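Comments concern the structure below.
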Amino acid sequence: MGDEHKTVMLSIMATVVAAVILFVGTIAIAGGVDVTLVKSYVLPLFMSAFTLTVFWAFLFARHKGMLPMLGEEEQKDQKAPTASKSA
């Protein structure tokens with residue numbers, strides 16, 4: 001599957017959008033910026049988005065061929081097709 005990096009990018013965008021929505025929600029609920037709520041709920045989502053961004057960078061580099069040591073291995077145990085005997 002050559003488009004894993006696109007799936008991860010969608011996951012990054014969804015995580016950031018969720019963090020922004022949660023941040024706005026904490027402002028609405030607390031009546032202002034509550035540092036405890038931001039540290040508890042919003043910061044972990046941004047940390048997750050950062051981690052996914054690092055993962056995306058490696059996937060993208062592998063997809064572009066910049067990391068040959070992480071390339072997909074070809075299956076070496078494929079057997080040649082055997083001819084069936086017909087009498």
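Following the order of the structure tokens, first chain is A, next is B, and so on, with residues numbered from 1 inside each chain and ligands from 1 in the order they appear.
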
For range 31-46 of chain A: contacts at 12 Å, only C-alpha atoms, fewer than 6 positions along chain excluded, given as a list in words: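 Counting only C-alpha atoms, the residues come to Ser11, Ile12, Met13, Ala14, Thr15, Val16, Val17, Ala18, Ala19, Val20, Ile21, Leu22, Phe23, Val24, Gly25, Leu52 and Thr53 of chain A.
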
For those residues, write all heavy atoms to a file as a tab-separated table (two decimals), in the first residue's frame.
```tsv
chain	number	residue	atom	x	y	z
A	11	SER	N	-5.11	11.57	9.62
A	11	SER	CA	-5.18	11.35	11.05
A	11	SER	C	-4.59	12.54	11.82
A	11	SER	O	-5.12	12.94	12.85
A	11	SER	CB	-4.42	10.06	11.41
A	11	SER	OG	-4.50	9.82	12.78
A	12	ILE	N	-3.52	13.12	11.32
A	12	ILE	CA	-2.92	14.30	11.94
A	12	ILE	C	-3.91	15.46	11.92
A	12	ILE	O	-4.13	16.13	12.93
A	12	ILE	CB	-1.61	14.70	11.23
A	12	ILE	CG1	-0.54	13.64	11.46
A	12	ILE	CG2	-1.12	16.07	11.70
A	12	ILE	CD1	0.67	13.80	10.57
A	13	MET	N	-4.52	15.69	10.76
A	13	MET	CA	-5.47	16.80	10.65
A	13	MET	C	-6.67	16.59	11.57
A	13	MET	O	-7.13	17.53	12.23
A	13	MET	CB	-5.91	16.97	9.20
A	13	MET	CG	-4.82	17.52	8.31
A	13	MET	SD	-5.35	17.98	6.65
A	13	MET	CE	-5.80	16.41	5.98
A	14	ALA	N	-7.16	15.36	11.66
A	14	ALA	CA	-8.29	15.08	12.54
A	14	ALA	C	-7.93	15.27	14.00
A	14	ALA	O	-8.72	15.80	14.79
A	14	ALA	CB	-8.78	13.64	12.30
A	15	THR	N	-6.71	14.91	14.38
A	15	THR	CA	-6.27	15.08	15.76
A	15	THR	C	-6.15	16.56	16.11
A	15	THR	O	-6.56	16.99	17.20
A	15	THR	CB	-4.91	14.37	15.98
A	15	THR	OG1	-5.06	13.00	15.61
A	15	THR	CG2	-4.47	14.46	17.42
A	16	VAL	N	-5.60	17.36	15.20
A	16	VAL	CA	-5.47	18.80	15.46
A	16	VAL	C	-6.85	19.46	15.53
A	16	VAL	O	-7.10	20.30	16.41
A	16	VAL	CB	-4.58	19.46	14.38
A	16	VAL	CG1	-4.64	20.97	14.48
A	16	VAL	CG2	-3.15	18.98	14.52
A	17	VAL	N	-7.76	19.07	14.65
A	17	VAL	CA	-9.12	19.63	14.70
A	17	VAL	C	-9.80	19.26	16.02
A	17	VAL	O	-10.46	20.10	16.64
A	17	VAL	CB	-9.94	19.16	13.47
A	17	VAL	CG1	-11.41	19.47	13.64
A	17	VAL	CG2	-9.40	19.80	12.21
A	18	ALA	N	-9.63	18.02	16.45
A	18	ALA	CA	-10.21	17.61	17.74
A	18	ALA	C	-9.62	18.41	18.89
A	18	ALA	O	-10.34	18.81	19.81
A	18	ALA	CB	-9.98	16.11	17.95
A	19	ALA	N	-8.32	18.68	18.84
A	19	ALA	CA	-7.68	19.47	19.90
A	19	ALA	C	-8.22	20.90	19.92
A	19	ALA	O	-8.47	21.46	20.99
A	19	ALA	CB	-6.17	19.47	19.71
A	20	VAL	N	-8.40	21.48	18.75
A	20	VAL	CA	-8.93	22.85	18.68
A	20	VAL	C	-10.37	22.89	19.20
A	20	VAL	O	-10.75	23.79	19.96
A	20	VAL	CB	-8.83	23.40	17.24
A	20	VAL	CG1	-9.60	24.70	17.08
A	20	VAL	CG2	-7.37	23.59	16.86
A	21	ILE	N	-11.18	21.91	18.81
A	21	ILE	CA	-12.57	21.86	19.30
A	21	ILE	C	-12.59	21.69	20.81
A	21	ILE	O	-13.37	22.34	21.51
A	21	ILE	CB	-13.33	20.72	18.59
A	21	ILE	CG1	-13.56	21.09	17.12
A	21	ILE	CG2	-14.66	20.44	19.28
A	21	ILE	CD1	-14.13	19.96	16.28
A	22	LEU	N	-11.74	20.83	21.34
A	22	LEU	CA	-11.66	20.65	22.78
A	22	LEU	C	-11.19	21.91	23.48
A	22	LEU	O	-11.69	22.25	24.56
A	22	LEU	CB	-10.72	19.49	23.11
A	22	LEU	CG	-11.23	18.46	24.11
A	22	LEU	CD1	-12.50	17.82	23.61
A	22	LEU	CD2	-10.18	17.44	24.38
A	23	PHE	N	-10.24	22.63	22.88
A	23	PHE	CA	-9.76	23.88	23.45
A	23	PHE	C	-10.89	24.91	23.52
A	23	PHE	O	-11.09	25.56	24.54
A	23	PHE	CB	-8.59	24.42	22.63
A	23	PHE	CG	-8.01	25.69	23.17
A	23	PHE	CD1	-7.34	25.70	24.39
A	23	PHE	CD2	-8.13	26.87	22.47
A	23	PHE	CE1	-6.81	26.88	24.89
A	23	PHE	CE2	-7.60	28.05	22.97
A	23	PHE	CZ	-6.93	28.05	24.18
A	24	VAL	N	-11.64	25.04	22.44
A	24	VAL	CA	-12.78	25.97	22.43
A	24	VAL	C	-13.83	25.52	23.44
A	24	VAL	O	-14.43	26.35	24.14
A	24	VAL	CB	-13.37	26.08	21.00
A	24	VAL	CG1	-14.68	26.85	20.99
A	24	VAL	CG2	-12.36	26.72	20.06
A	25	GLY	N	-14.02	24.22	23.55
A	25	GLY	CA	-14.97	23.69	24.53
A	25	GLY	C	-14.56	23.98	25.96
A	25	GLY	O	-15.40	24.32	26.79
A	52	LEU	N	2.47	11.76	15.41
A	52	LEU	CA	2.00	11.32	14.09
A	52	LEU	C	2.73	12.05	12.97
A	52	LEU	O	2.97	11.48	11.91
A	52	LEU	CB	0.50	11.53	13.96
A	52	LEU	CG	-0.39	10.53	14.69
A	52	LEU	CD1	-1.84	11.02	14.67
A	52	LEU	CD2	-0.28	9.16	14.07
A	53	THR	N	3.12	13.30	13.20
A	53	THR	CA	3.86	14.05	12.19
A	53	THR	C	5.24	13.44	11.97
A	53	THR	O	5.69	13.33	10.82
A	53	THR	CB	3.99	15.53	12.61
A	53	THR	OG1	2.68	16.06	12.81
A	53	THR	CG2	4.70	16.34	11.56
```

d(CA of Leu59 in chain A, CA of Glu4 in chain A) in Å: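 These two atoms are separated by 7.1 Å.
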
Asp3 in chain A environment, 10 Å, only C-alpha atoms, sequence neighbours closer than 3 positions dropped, as a PyMOL selection string: chain A and resi 6-8+59-60+63

Best match for closeness to Thr51 in chain A among A:Met69, A:Met9, A:Thr26, A:Lys64, counting only C-alpha atoms: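 That would be A:Met9, the residue with the smallest distance to Thr51 in chain A.
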
Atom-to-atom span, CA of Ala49 in chain A and CA of Met66 in chain A, Å: 23.0 Å
